[in-house]
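Data from coords.txt: compact mmCIF, C-alpha atoms
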# COMPACT_ATOMS: atom_id res chain seq x y z
CA MET A 1 0.00 0.00 0.00
CA GLU A 2 1.29 3.44 -0.90
CA CYS A 3 0.22 7.00 -0.21
CA ASN A 4 0.64 8.84 -3.54
CA LYS A 5 -0.68 12.36 -3.04
CA ILE A 6 -2.71 14.45 -0.65
CA LYS A 7 -4.63 17.67 -1.27
CA ILE A 8 -5.61 19.74 1.77
CA ARG A 9 -7.71 22.87 2.22
CA ASN A 10 -8.27 24.67 5.52
CA PHE A 11 -7.11 21.82 7.73
CA ARG A 12 -5.51 23.12 10.95
CA ASN A 13 -2.96 25.76 9.84
CA ILE A 14 -2.90 24.47 6.25
CA GLU A 15 -4.79 26.87 4.00
CA GLU A 16 -4.07 24.97 0.80
CA ALA A 17 -1.49 22.33 -0.07
CA GLU A 18 -0.82 19.52 -2.50
CA ILE A 19 1.97 17.09 -1.63
CA GLU A 20 3.23 14.07 -3.56
CA PHE A 21 5.12 11.29 -1.80
CA ASP A 22 7.84 8.87 -2.83
CA GLY A 23 7.31 5.16 -2.34
CA GLY A 24 10.10 4.99 0.24
CA VAL A 25 11.11 7.37 3.01
CA ASN A 26 9.60 10.88 3.05
CA ILE A 27 10.97 13.36 5.59
CA LEU A 28 8.98 16.43 6.64
CA VAL A 29 11.49 18.95 7.97
CA GLY A 30 10.72 22.21 9.78
CA ASP A 31 10.58 24.00 13.09
CA ASN A 32 7.92 23.24 15.67
CA ALA A 33 4.34 24.45 15.07
CA GLN A 34 4.82 24.79 11.30
CA GLY A 35 2.44 22.03 10.17
CA LYS A 36 4.42 18.80 10.11
CA THR A 37 2.17 16.92 12.53
CA ASN A 38 -0.90 18.52 10.96
CA LEU A 39 -0.04 16.80 7.69
CA LEU A 40 0.36 13.40 9.38
CA GLU A 41 -2.94 14.03 11.17
CA ALA A 42 -4.69 14.67 7.85
CA ILE A 43 -3.29 11.44 6.39
CA SER A 44 -4.21 9.43 9.48
CA PHE A 45 -7.69 10.99 9.50
CA THR A 46 -8.52 9.41 6.14
CA ALA A 47 -7.35 6.01 7.43
CA LEU A 48 -8.99 5.93 10.86
CA GLY A 49 -11.95 8.23 10.46
CA LYS A 50 -10.84 10.30 13.44
CA SER A 51 -8.01 12.50 14.64
CA PHE A 52 -5.28 11.09 16.87
CA ARG A 53 -5.00 14.50 18.58
CA THR A 54 -8.56 15.64 19.31
CA SER A 55 -12.11 14.35 19.54
CA HIS A 56 -13.50 17.78 18.57
CA GLU A 57 -13.84 17.92 14.81
CA GLU A 58 -14.26 21.71 14.75
CA GLU A 59 -10.63 22.02 15.88
CA LEU A 60 -9.55 20.54 12.55
CA ILE A 61 -11.06 23.40 10.53
CA ARG A 62 -8.72 26.35 10.06
CA PHE A 63 -9.74 29.34 12.14
CA GLY A 64 -12.16 31.56 10.21
CA ALA A 65 -12.68 29.05 7.38
CA GLU A 66 -16.10 27.76 6.33
CA PHE A 67 -14.92 24.21 5.65
CA ALA A 68 -11.95 21.84 5.64
CA GLU A 69 -11.22 19.22 3.02
CA VAL A 70 -8.73 16.37 2.76
CA SER A 71 -8.36 14.34 -0.44
CA LEU A 72 -5.96 11.40 -0.43
CA ASP A 73 -4.81 9.36 -3.43
CA PHE A 74 -3.38 5.95 -2.56
CA THR A 75 -2.56 2.70 -4.30
CA ASP A 76 -3.33 -0.73 -2.93
CA SER A 77 -2.48 -4.11 -4.44
CA VAL A 78 -5.30 -3.76 -6.98
CA ARG A 79 -5.66 -0.14 -8.08
CA ARG A 80 -5.30 3.54 -7.34
CA GLN A 81 -8.01 4.93 -5.08
CA ASN A 82 -9.15 8.19 -3.50
CA ILE A 83 -10.74 9.14 -0.19
CA THR A 84 -12.10 12.67 0.21
CA VAL A 85 -13.52 14.11 3.41
CA ARG A 86 -15.13 17.56 3.67
CA MET A 87 -16.06 19.05 7.04
CA MET A 88 -18.25 22.09 7.70
CA PRO A 89 -19.21 23.50 11.11
CA GLY A 90 -22.74 22.46 12.04
CA HIS A 91 -23.03 19.97 9.18
CA ARG A 92 -22.35 16.30 8.67
CA ARG A 93 -19.10 15.40 6.98
CA ARG A 94 -19.24 14.63 3.29
CA ILE A 95 -17.23 11.49 2.59
CA GLU A 96 -16.43 10.01 -0.79
CA GLN A 97 -14.45 6.94 -1.78
CA ASN A 98 -13.57 6.93 -5.48
CA LYS A 99 -16.18 9.69 -5.99
CA VAL A 100 -18.95 7.56 -4.45
CA LYS A 101 -20.63 9.05 -1.39
CA VAL A 102 -20.10 7.10 1.83
CA GLY A 103 -22.40 7.36 4.85
CA ARG A 104 -19.86 7.34 7.66
CA LEU A 105 -16.09 7.61 7.99
CA SER A 106 -16.08 4.30 9.82
CA ASP A 107 -17.29 2.69 6.58
CA ILE A 108 -13.95 3.45 4.90
CA VAL A 109 -11.70 2.36 7.78
CA GLY A 110 -9.40 -0.34 6.44
CA ALA A 111 -9.39 0.90 2.84
CA PHE A 112 -6.17 2.85 3.45
CA ARG A 113 -4.10 1.41 6.29
CA THR A 114 -1.46 3.16 8.37
CA VAL A 115 0.66 2.59 11.44
CA LEU A 116 1.12 5.77 13.46
CA PHE A 117 4.02 6.12 15.88
CA CYS A 118 4.34 9.31 17.90
CA PRO A 119 6.16 10.25 21.15
CA GLU A 120 3.08 9.44 23.23
CA HIS A 121 3.34 5.82 22.11
CA LEU A 122 6.72 5.51 23.83
CA SER A 123 4.69 5.46 27.06
CA LEU A 124 2.57 2.55 25.81
CA ILE A 125 4.06 0.20 28.41
CA LYS A 126 3.97 2.40 31.50
CA GLU A 127 0.61 4.08 30.89
CA GLY A 128 -2.76 2.63 31.92
CA PRO A 129 -4.71 -0.19 30.24
CA GLY A 130 -6.72 2.24 28.11
CA GLU A 131 -3.67 3.05 26.01
CA ARG A 132 -3.01 -0.61 25.27
CA ARG A 133 -6.67 -1.32 24.47
CA ASN A 134 -6.55 1.61 22.03
CA TYR A 135 -3.48 0.07 20.40
CA LEU A 136 -5.45 -3.14 19.79
CA ASP A 137 -8.61 -1.38 18.63
CA ILE A 138 -6.82 0.75 16.04
CA ALA A 139 -4.86 -2.18 14.64
CA LEU A 140 -7.85 -4.52 14.50
CA SER A 141 -10.33 -1.97 13.15
CA GLN A 142 -8.15 -1.48 10.07
CA LEU A 143 -7.94 -5.21 9.47
CA TYR A 144 -11.48 -6.42 10.19
CA PRO A 145 -14.58 -4.28 9.47
CA VAL A 146 -16.61 -6.71 11.61
CA TYR A 147 -14.40 -5.91 14.59
CA LEU A 148 -14.97 -2.17 14.24
CA LYS A 149 -18.73 -2.61 13.95
CA SER A 150 -18.78 -4.89 16.99
CA LEU A 151 -16.70 -2.38 18.96
CA GLN A 152 -19.06 0.44 17.99
CA ARG A 153 -22.07 -1.59 19.08
CA TYR A 154 -20.33 -2.54 22.33
CA ASN A 155 -19.57 1.09 23.19
CA GLN A 156 -23.16 2.15 22.52
CA ILE A 157 -24.58 -0.73 24.57
CA LEU A 158 -22.13 0.05 27.38
CA LYS A 159 -23.24 3.68 27.36
CA ASN A 160 -26.89 2.64 27.66
CA ARG A 161 -26.18 0.10 30.39
CA ASN A 162 -24.15 2.61 32.40
CA LYS A 163 -26.99 5.09 32.17
CA LEU A 164 -29.34 2.39 33.44
CA ILE A 165 -27.02 1.71 36.38
CA ARG A 166 -26.74 5.39 37.30
CA ASN A 167 -30.53 5.72 37.33
CA ALA A 168 -31.10 2.45 39.23
CA GLU A 169 -31.49 3.96 42.71
CA ASP A 170 -34.23 6.29 41.51
CA ASP A 171 -35.84 3.84 39.07
CA ARG A 172 -35.15 0.27 40.20
CA ARG A 173 -38.15 -1.07 38.32
CA THR A 174 -36.78 -0.06 34.91
CA PHE A 175 -33.40 -1.44 35.90
CA ASN A 176 -34.86 -4.83 36.86
CA GLU A 177 -36.94 -5.01 33.70
CA THR A 178 -34.15 -4.17 31.21
CA VAL A 179 -30.79 -5.08 32.75
CA GLU A 180 -30.92 -8.64 31.39
CA PHE A 181 -31.42 -7.35 27.85
CA TRP A 182 -28.49 -4.92 28.01
CA SER A 183 -26.26 -7.46 29.76
CA SER A 184 -26.99 -10.09 27.12
CA GLN A 185 -26.22 -7.66 24.30
CA LEU A 186 -23.00 -6.50 25.97
CA ALA A 187 -21.80 -10.03 26.67
CA ALA A 188 -22.33 -11.10 23.06
CA GLU A 189 -20.24 -8.26 21.64
CA ALA A 190 -17.59 -8.63 24.35
CA ALA A 191 -17.02 -12.27 23.47
CA VAL A 192 -16.46 -11.47 19.80
CA ILE A 193 -14.08 -8.60 20.54
CA ALA A 194 -12.06 -10.57 23.09
CA ARG A 195 -11.46 -13.41 20.63
CA TYR A 196 -10.15 -11.03 17.96
CA ARG A 197 -7.84 -9.39 20.49
CA VAL A 198 -6.42 -12.71 21.70
CA GLN A 199 -5.82 -13.92 18.15
CA TYR A 200 -4.17 -10.66 17.17
CA LEU A 201 -1.77 -10.66 20.12
CA ASP A 202 -0.89 -14.28 19.43
CA ARG A 203 0.32 -13.22 15.97
CA ALA A 204 1.92 -9.97 17.09
CA SER A 205 3.81 -11.53 19.98
CA GLU A 206 6.36 -13.31 17.77
CA HIS A 207 7.16 -10.10 15.90
CA ILE A 208 7.50 -8.21 19.18
CA LYS A 209 9.96 -10.81 20.44
CA ALA A 210 11.98 -10.68 17.23
CA CYS A 211 12.21 -6.87 17.12
CA PHE A 212 13.07 -6.63 20.81
CA ALA A 213 15.77 -9.28 20.44
CA GLU A 214 17.34 -7.41 17.52
CA MET A 215 17.49 -4.21 19.57
CA THR A 216 18.78 -5.75 22.80
CA GLY A 217 21.04 -8.50 21.49
CA ASP A 218 18.66 -11.31 22.42
CA ARG A 219 19.34 -10.97 26.15
CA GLU A 220 15.77 -10.62 27.35
CA VAL A 221 12.57 -12.32 26.27
CA PRO A 222 9.37 -10.23 26.15
CA LYS A 223 5.82 -11.54 26.14
CA ALA A 224 2.59 -9.77 25.29
CA VAL A 225 -0.58 -11.67 26.18
CA TYR A 226 -4.22 -10.69 26.58
CA ALA A 227 -5.22 -10.06 30.17
CA GLY A 228 -8.99 -10.46 30.21
CA SER A 229 -10.93 -9.18 33.18
CA SER A 230 -13.50 -11.96 33.29
CA HIS A 231 -11.70 -15.29 33.43
CA GLY A 232 -8.73 -17.56 32.79
CA GLU A 233 -5.92 -17.77 30.29
CA PRO A 234 -6.04 -16.01 26.90
CA GLU A 235 -6.81 -19.27 25.09
CA SER A 236 -10.09 -19.57 26.98
CA TYR A 237 -11.40 -16.48 25.17
CA LEU A 238 -11.25 -18.28 21.84
CA ASP A 239 -14.47 -20.10 22.72
CA VAL A 240 -16.94 -17.31 21.98
CA ASN A 241 -20.00 -19.09 23.38
CA ALA A 242 -18.30 -19.91 26.67
CA THR A 243 -16.91 -16.39 27.00
CA GLU A 244 -20.31 -14.86 26.30
CA LYS A 245 -21.87 -16.95 29.07
CA ILE A 246 -19.16 -15.99 31.56
CA TYR A 247 -19.55 -12.29 30.79
CA PHE A 248 -23.33 -12.55 31.04
CA ASP A 249 -23.18 -14.32 34.40
CA LEU A 250 -20.84 -11.67 35.80
CA LEU A 251 -23.07 -8.87 34.55
CA MET A 252 -26.17 -10.47 36.08
CA LYS A 253 -24.78 -11.54 39.47
CA ASN A 254 -23.19 -8.32 40.65
CA HIS A 255 -25.84 -5.65 40.30
CA ASP A 256 -25.39 -4.19 43.78
CA ARG A 257 -21.66 -3.74 43.24
CA GLU A 258 -22.21 -2.05 39.91
CA ILE A 259 -24.93 0.24 41.24
CA GLY A 260 -22.63 1.18 44.10
CA ALA A 261 -19.83 1.95 41.66
CA GLY A 262 -22.16 3.67 39.20
CA THR A 263 -20.73 1.83 36.20
CA THR A 264 -20.34 -1.52 34.44
CA LEU A 265 -17.51 -3.42 36.13
CA TRP A 266 -17.00 -6.31 33.69
CA GLY A 267 -16.34 -6.39 29.99
CA ILE A 268 -13.66 -5.81 27.37
CA HIS A 269 -13.45 -2.13 28.40
CA LYS A 270 -11.66 -3.37 31.53
CA ASP A 271 -9.16 -5.67 29.78
CA ASP A 272 -5.43 -5.12 29.26
CA ILE A 273 -2.30 -6.47 27.60
CA GLU A 274 0.07 -8.11 30.06
CA ILE A 275 3.60 -7.29 28.93
CA THR A 276 6.55 -8.95 30.61
CA VAL A 277 10.31 -9.18 30.14
CA ASN A 278 11.80 -12.45 31.40
CA ASP A 279 8.44 -13.12 33.09
CA ARG A 280 8.53 -9.90 35.13
CA SER A 281 6.07 -7.05 34.63
CA ALA A 282 7.51 -4.60 32.10
CA ARG A 283 5.44 -1.79 33.55
CA ALA A 284 6.82 -2.32 37.06
CA PHE A 285 10.35 -3.59 36.48
CA ALA A 286 11.59 -2.78 32.96
CA SER A 287 13.97 0.13 32.54
CA GLN A 288 12.88 3.18 30.56
CA GLY A 289 15.06 1.97 27.68
CA GLN A 290 13.43 -1.46 27.73
CA GLN A 291 9.97 0.10 27.83
CA ARG A 292 10.78 2.24 24.81
CA SER A 293 12.18 -0.75 22.94
CA LEU A 294 9.00 -2.68 23.69
CA ALA A 295 6.80 0.18 22.51
CA LEU A 296 8.78 0.44 19.29
CA ALA A 297 8.60 -3.33 18.81
CA MET A 298 4.81 -3.27 19.29
CA LYS A 299 4.34 -0.60 16.62
CA LEU A 300 6.62 -2.38 14.16
CA ALA A 301 4.77 -5.63 14.90
CA GLU A 302 1.51 -3.84 14.04
CA GLY A 303 2.85 -3.32 10.54
CA GLU A 304 4.08 -6.90 10.20
CA VAL A 305 0.75 -8.40 11.25
CA CYS A 306 -1.09 -6.07 8.87
CA ALA A 307 1.17 -7.18 6.00
CA ALA A 308 0.71 -10.86 6.85
CA ILE A 309 -3.09 -10.62 6.95
CA THR A 310 -3.71 -8.26 4.01
CA GLY A 311 -0.75 -9.12 1.79
CA GLU A 312 0.55 -5.54 1.69
CA ARG A 313 2.40 -3.26 4.07
CA PRO A 314 0.64 -0.28 5.63
CA VAL A 315 2.04 3.24 5.38
CA PHE A 316 4.10 4.16 8.45
CA LEU A 317 3.64 7.61 9.96
CA PHE A 318 6.41 8.59 12.40
CA ASP A 319 5.80 11.86 14.22
CA ASP A 320 9.06 13.20 15.68
CA VAL A 321 10.02 9.86 17.25
CA PHE A 322 13.64 9.89 16.09
CA SER A 323 14.44 12.79 18.42
CA GLU A 324 13.01 10.77 21.33
CA LEU A 325 15.17 7.67 20.70
CA ASP A 326 18.81 7.05 21.56
CA SER A 327 21.37 6.33 18.85
CA THR A 328 20.95 2.54 19.05
CA ARG A 329 17.20 2.64 18.58
CA ARG A 330 17.45 5.34 15.88
CA ALA A 331 19.87 3.17 13.93
CA TYR A 332 17.63 0.14 14.35
CA LEU A 333 14.53 2.01 13.22
CA SER A 334 16.37 3.50 10.23
CA GLY A 335 17.30 -0.02 9.15
CA LYS A 336 13.77 -1.37 9.53
CA ILE A 337 12.07 1.30 7.40
CA LYS A 338 14.18 0.96 4.26
CA ASP A 339 11.80 -1.42 2.46
CA ARG A 340 8.50 0.32 3.17
CA GLN A 341 6.82 3.67 2.69
CA VAL A 342 7.35 5.96 5.66
CA ILE A 343 6.41 9.59 6.27
CA ILE A 344 8.53 11.10 9.04
CA THR A 345 8.40 14.47 10.77
CA THR A 346 11.51 15.96 12.30
CA CYS A 347 13.14 19.27 13.17
CA GLU A 348 16.55 17.91 12.17
CA PRO A 349 16.94 15.25 9.45
CA SER A 350 20.44 14.18 10.43
CA GLY A 351 20.55 10.52 11.39
CA ILE A 352 17.76 9.57 8.98
CA ALA A 353 19.33 7.88 5.97
CA GLY A 354 18.16 8.89 2.49
CA GLY A 355 14.61 9.79 1.57
CA LYS A 356 12.70 12.66 -0.03
CA LEU A 357 13.00 15.90 1.93
CA ILE A 358 9.90 18.09 2.18
CA GLN A 359 10.41 21.47 3.85
CA VAL A 360 7.54 22.70 6.03
CA GLN A 361 6.97 26.34 6.90
CA ASN A 362 3.76 27.88 8.22
CA GLY A 363 1.47 25.31 6.63
CA ARG A 364 3.32 25.29 3.29
CA TYR A 365 5.25 22.35 1.84
CA PHE A 366 8.06 22.56 -0.70

Reformat the file's structure so that it appears as structure tokens.
Amino acid sequence: MECNKIKIRNFRNIEEAEIEFDGGVNILVGDNAQGKTNLLEAISFTALGKSFRTSHEEELIRFGAEFAEVSLDFTDSVRRQNITVRMMPGHRRRIEQNKVKVGRLSDIVGAFRTVLFCPEHLSLIKEGPGERRNYLDIALSQLYPVYLKSLQRYNQILKNRNKLIRNAEDDRRTFNETVEFWSSQLAAEAAVIARYRVQYLDRASEHIKACFAEMTGDREVPKAVYAGSSHGEPESYLDVNATEKIYFDLLMKNHDREIGAGTTLWGIHKDDIEITVNDRSARAFASQGQQRSLALAMKLAEGEVCAAITGERPVFLFDDVFSELDSTRRAYLSGKIKDRQVIITTCEPSGIAGGKLIQVQNGRYF
């Protein structure tokens, strides 16, 4: 998969731009706050249907502008395609894929696939479970449309069930009459999502081990396994029917605890990835260097799994990560990206071998 060209109007600080990319390494060079990350955000937006920096769409529209538009040309293993998104304050987005109108951005997720790596991801190991669940959700949503739809349904059901719980003390009758329905719906989606996550980590784990070994000289052995909140070893989540029953039983037997807490206490929104080095918790015992190596290995593994499943590599987006890595990890990353398309932002291109240089200044690219 290759990102060929992007046209942008009124996105962040970019009034108007048209940028073409090489099939290998592309390096966006400029001072801070000039528009380097804004360009990566626009590319990622067409892949994921959302910004990796904000949940408020109006922030994407350039101040004072009436609309913002991003049009991306890309090539997959079959043909050249286009995704165009137009945003206007107070209106629904207009989305087109190959000039055909699409109802929702989520409907095009997976058409153009990327792996984003930014400085925040270097804290993937030491941050809370939500960051690691997000890592799984982004990777899986680009690979399996059914996963994304199940996740969307799960989040909506969870929202409704949590509202029911919060109102339970004032309206116990409604709670008693409907909690079984919402619990059943939630358990069914949770079981599907958990299986996908377990299967994905099983594939990614070998790549994580290999990358980590290459960086550290094969001295330590990392593991990344699914840590479900409801029961047993990761393999037990592969039985969807059994998992659904376990989730349902938990959701139906602990109403008083959930009402006291004011929220749903069981489900895939509570799960995590258990990451260890030599069987010790990486979050608690790994050095900062080891944690960064693990985070880098996880992002590279995301690309390898994507390539294995789809038959083509995703486009890698690296936002100022080279400046955050030491010389050993910079050299390793430079070696790994030679055979794939990468778009990198940096204030200083030294240390990044080869590639097309694109200068960035105040939302202009040349």

**Item:** Two-atom distance - CA of Arg80 (chain A), CA of Ile19 (chain A) (Å)
**Value:** 16.4 Å

**Request:** Determine, counting all atoms listed in the file, which protein, DNA and RNA residues have an atom within 7 Å of an atom of region 124-136 of chain A; residues of the same chain fewer than 2 positions away are not included. Present the result as a list of chain:residue names.
**Result:** A:His121, A:Leu122, A:Ile138, A:Ala139, A:Leu140, A:Arg197, A:Asp272, A:Ile273, A:Ala282, A:Arg283, A:Gln291, A:Ala295

**Who sits within 12 Å of Arg280 (chain A), only C-alpha atoms, same chain under 5 positions skipped, as a PyMOL selection string** = chain A and resi 220-224+274-275+285-287

**Request:** Point out the residue among A:Ser236, A:Gln341, A:Gln361, A:Thr46 with the least atom-to-atom distance to Asp22 (chain A), counting all atoms listed in the file.
**Result:** A:Gln341

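In this model, the gap between CA of Ile157 (chain A) and CA of Glu189 (chain A) comes to 9.2 Å.
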
**Asked** Of the candidates A:Arg364, A:Arg257, A:Arg172, A:Arg113, which one gets nearest to Gly30 (chain A) if we count all atoms listed in the file?
**Response**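 Looking only at the distances to Gly30 (chain A), the closest residue turns out to be A:Arg364.
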
**Message:** Ranking A:Asp31, A:Asp202, A:Glu96, A:Glu58 by minimum distance to Ala301 (chain A) and counting all atoms listed in the file, which one comes first?
**Reply:**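 Closest to Ala301 (chain A), using all atoms listed in the file: A:Asp202.
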
**Prompt:** Excluding same-chain residues fewer than 5 positions from His255 (chain A), what lies within 10 Å of it counting all atoms listed in the file, as a list in words?
**Reply:** Ile165, Ala168, Phe175, Asn176, Val179, Leu250, Gly260, Ala261, Thr263, Thr264 and Leu265 of chain A

**Prompt:** Can you list, as a PyMOL selection string, every protein, DNA or RNA residue that comes within 12 Å of Trp266 (chain A) when you count only C-alpha atoms, leaving out same-chain residues fewer than 2 positions away?
**Reply:** chain A and resi 158+161-162+183+186-187+190-191+228-231+244+246-255+257-258+261+263-264+268-271

**Item:** Coordinates-based distance that separates CA of Thr37 (chain A) from CA of Leu201 (chain A) (Å, one decimal)
**Value:**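 The value is 28.9 Å.
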
**Item:** Shell around Leu238 (chain A) at 8 Å using all atoms listed in the file, local window under 3 positions removed, as a ChimeraX atom specification
**Value:** /A:194-195,198-199,234-235,243

**Prompt:** Hey, which of A:Asn160, A:Ser184, A:Ser77, A:Ser123 ends up closest to Gly311 (chain A)? Count all atoms listed in the file.
**Reply:**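 Of A:Asn160, A:Ser184, A:Ser77, A:Ser123, the one nearest Gly311 (chain A), counting all atoms listed in the file, is A:Ser77.
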
**Asked** With all atoms listed in the file as the atoms that count, which of A:Asp339, A:Asp256, A:Glu324, A:Glu66 lies nearest to Glu169 (chain A)?
**Response** A:Asp256

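The smallest atom-to-atom distance between Leu317 (chain A) and any of A:Thr174, A:Gln290, A:Thr346, A:Ser205, using only C-alpha atoms, is found for A:Thr346.
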